[in-house]
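Below: one structure, written as structure tokens.
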Number of protein chains: 2
Amino acid sequence: MSPKVSQEHKEQRRSNLLKAAREVFCEHGYENTTMKHVMERAGVSRGGLYQYFENKEDLFEALIEDELMEVVEGSIQEMRKQQGSYWDVLLMSFLGESKEATNDMDALAPSKLEYFITGRNDESRKEHARKRFLQAYQMTVDIIHEGVKAGEFSPRFKPEVIAKSIISHIDGMAMDHAILDSETIQLKEQTEWLMGYVKWGLGVGE
Amino acid sequence: MSPKVSQEHKEQRRSNLLKAAREVFCEHGYENTTMKHVMERAGVSRGGLYQYFENKEDLFEALIEDELMEVVEGSIQEMRKQQGSYWDVLLMSFLGESKEATNDMDALAPSKLEYFITGRNDESRKEHARKRFLQAYQMTVDIIHEGVKAGEFSPRFKPEVIAKSIISHIDGMAMDHAILDSETIQLKEQTEWLMGYVKWGLGVGE
DNA sequence: TAAGAAAACGACACTAATGTCATTTTTAAT
DNA sequence: ATTAAAAATGACATTAGTGTCGTTTTCTTA
């Protein structure tokens with residue numbers, strides 16, 4: 001009597017839209033992407049898209065929210081055991097499993113910066129941006145504090161400032177990378193240098 | 001027989017428009033500012049504004065071009081004499097005359113970032129952005145090279161990468177500052193730490 | 001295979017901004 | 001004062017995008 005379309009199909013469609021959205025956002029950036037771009041890329045009608053997302057902002061939020069989920073991690077202590085040292089935990093959390101700097105950059109990063117910077121006068125977006133910054137900061141500073149407690153780090157400078165500085169430097173590289181290319185900004189080598197001076201700043205193993 | 005309006009008056013009007021433009025760009029950011037905002041702030045009609053600037057992009061370009069002029073400086077050698085050391089030249093070029101870090105940030109900086117990042121798919125804007133980056137880079141790396149030649153610096157890391165890194169870190173702080181506030185990101189202390197690790201990285205006076 | 005609920009469609013009305021242009025006003029030289 | 005060149009005005013046509021809504025299609029259950 002009450003036949004709904006299956007939940008899986010809805011999720012499938014939704015994730016298909018998100019996939020298309022990610023593609024066009026990467027190509028055109030946030031501001032220059034229109035709902036029409038997304039519709040066309042996804043092969044879906046106007047109404048079909050609006051069924052799932054109220055507007056472009058809602059769509060983009062959904063996109064970056066999905067990723068925030070993935071970053072949720074286990075406890076620092078646990079990671080310490082896996083990685084061998086707090087320094088390695090720090091390396092891993094910024095460089096990934098390999099702990100190696102590369103020239104790669106999240107293709108959506110420029111659009112994210114764009115989204116937050118153009119929305120800096122919008123209270124709710126600002127709040128969201130603050131949350132993301134503080135989340136990254138908190139994770140970093142927690143690792144550092146643990147490292148200090150364990151006697152692994154002897155910081156030459158306030159850990160809070162070093163943590164914020166790592167984030168700002170990375171944001172800056174993302175920013176510059178959006179406009180220039182990774183060879184010009186020497187993303188890989190900058191990242192190595194970043195890790196080098198942080199190691200010094202934290203007095204790792206001294 | 002041929003009465004033109006005086007050149008001074010035109011320049012006066014133009015600079016008045018630029019002043020108004022700067023104000024509204026600072027308030028609303030680049031994307032969210034409309035020509036109407038500028039007209040109203042300047043107390044000028046639509047046609048009056050378009051007489052001087054073809055469109056928003058042209059207007060903004062004029063605004064940031066004016067500033068680029070001011071940065072034109074004397075030779076590095078000369079500054080060395082004034083400042084006492086190449087390290088002080090470097091400090092001065094990033095922190096200004098006082099050579100002290102502060103919590104202040106150019107109010108137009110967020111709009112500039114916005115302008116370049118939203119225009120990253122536009123070849124001419126991209127070119128402009130590249131030019132600005134390379135100009136800042138060149139100045140920095142030149143100072144460092146001079147310092148090395150003079151035996152004042154013994155870098156622990158490639159000077160080119162350190163130079164780019166300073167720029168990226170500063171861009172990142174501008175970025176984060178656009179969204180958060182200078183207390184949260186601890187602009188002053190981050191800047192002090194930035195100068196601290198660069199000093200170490202360059203091996204100043206070792 | 002019939003029914004009806006929800007999904008998908010796409011035409012449409014609306015909005016907000018742009019850049020133009022015929023007209024009016026101002027200006028400085030005569 | 002007069003004049004003509006240029007500046008300034010503001011109404012207007014145009015454009016590009018948004019979000020809605022009545023209609024059609026699709027799917028599941030009975």
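Simple scheme: letters A, B, ... for chains in structure tokens order, numbers from 1 for residues in each chain, numbers from 1 for ligands in the order shown.
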Exercise. Could you write out as a ChimeraX atom specification the residues of chain D within 8 Å of chain B, counting only C-alpha atoms (C1' of nucleotides)?
Worked result: /D:3-10
Output C-alpha atoms (C1' of nucleotides) for every residue in the selection just made, as a compact mmCIF listing (two decimals), in the first residue's frame.
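What follows is the written file result-v6.txt:
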```
# COMPACT_ATOMS: atom_id res chain seq x y z
C1' DT D 3 30.01 77.88 -26.15
C1' DA D 4 31.41 73.30 -26.88
C1' DA D 5 33.67 69.51 -24.95
C1' DA D 6 33.63 66.36 -21.65
C1' DA D 7 31.64 64.44 -17.32
C1' DA D 8 27.89 62.83 -14.80
C1' DT D 9 23.30 61.02 -14.49
C1' DG D 10 19.87 57.32 -14.12
```
For this session: Pick out the residues sitting within 9 Å of region 111-124 of chain A, and hand them over as a PyMOL selection string; count only C-alpha atoms (C1' of nucleotides), and ignore anything fewer than 5 positions along from it in its own chain.
Result: (chain A and resi 25-26+28-31+57+60+64+129+171+174-175+178) or (chain B and resi 27-32+110-111+113-114+117-118+175-176+178-180)
Each chain C residue no farther than 12 Å from chain B, nearest pair in Å, only C-alpha atoms (C1' of nucleotides), as JSON lines:
```
{"residue": "C:DA16", "atom": "C1'", "partner": "B:Thr34", "partner_atom": "CA", "distance": 10.1}
{"residue": "C:DA17", "atom": "C1'", "partner": "B:Thr34", "partner_atom": "CA", "distance": 7.7}
{"residue": "C:DT18", "atom": "C1'", "partner": "B:Asn55", "partner_atom": "CA", "distance": 8.8}
{"residue": "C:DG19", "atom": "C1'", "partner": "B:Tyr50", "partner_atom": "CA", "distance": 8.4}
{"residue": "C:DT20", "atom": "C1'", "partner": "B:Gly47", "partner_atom": "CA", "distance": 8.9}
{"residue": "C:DC21", "atom": "C1'", "partner": "B:Gly47", "partner_atom": "CA", "distance": 9.6}
{"residue": "C:DT26", "atom": "C1'", "partner": "B:Val5", "partner_atom": "CA", "distance": 8.9}
{"residue": "C:DT27", "atom": "C1'", "partner": "B:Val5", "partner_atom": "CA", "distance": 5.7}
{"residue": "C:DA28", "atom": "C1'", "partner": "B:Pro3", "partner_atom": "CA", "distance": 4.8}
{"residue": "C:DA29", "atom": "C1'", "partner": "B:Met1", "partner_atom": "CA", "distance": 5.5}
{"residue": "C:DT30", "atom": "C1'", "partner": "B:Met1", "partner_atom": "CA", "distance": 6.2}
```
Pull C-alpha atoms (C1' of nucleotides) from the residues just selected and write them as a CSV table (one decimal), in the first residue's frame.
```
chain,number,residue,atom,x,y,z
C,16,DA,C1',20.1,40.7,-8.7
C,17,DA,C1',23.5,42.2,-11.0
C,18,DT,C1',25.7,44.1,-15.3
C,19,DG,C1',27.0,47.5,-18.8
C,20,DT,C1',25.0,51.0,-22.2
C,21,DC,C1',23.3,55.2,-23.8
C,26,DT,C1',29.3,71.1,-15.3
C,27,DT,C1',33.5,73.1,-16.7
C,28,DA,C1',37.1,76.2,-18.6
C,29,DA,C1',38.4,78.9,-22.4
C,30,DT,C1',36.8,82.6,-25.3
```
Problem set entry | Best match for closeness to chain A among B:Gly96, B:Gly74, B:Gly201, B:Gly43, counting only C-alpha atoms | B:Gly201
Exercise. Could you pull out the helix (DSSP H, G or I) residues of region 10-73 of chain A from DSSP and send them as a PyMOL selection string?
Worked result: chain A and resi 10-28+35-42+46-52+56-71
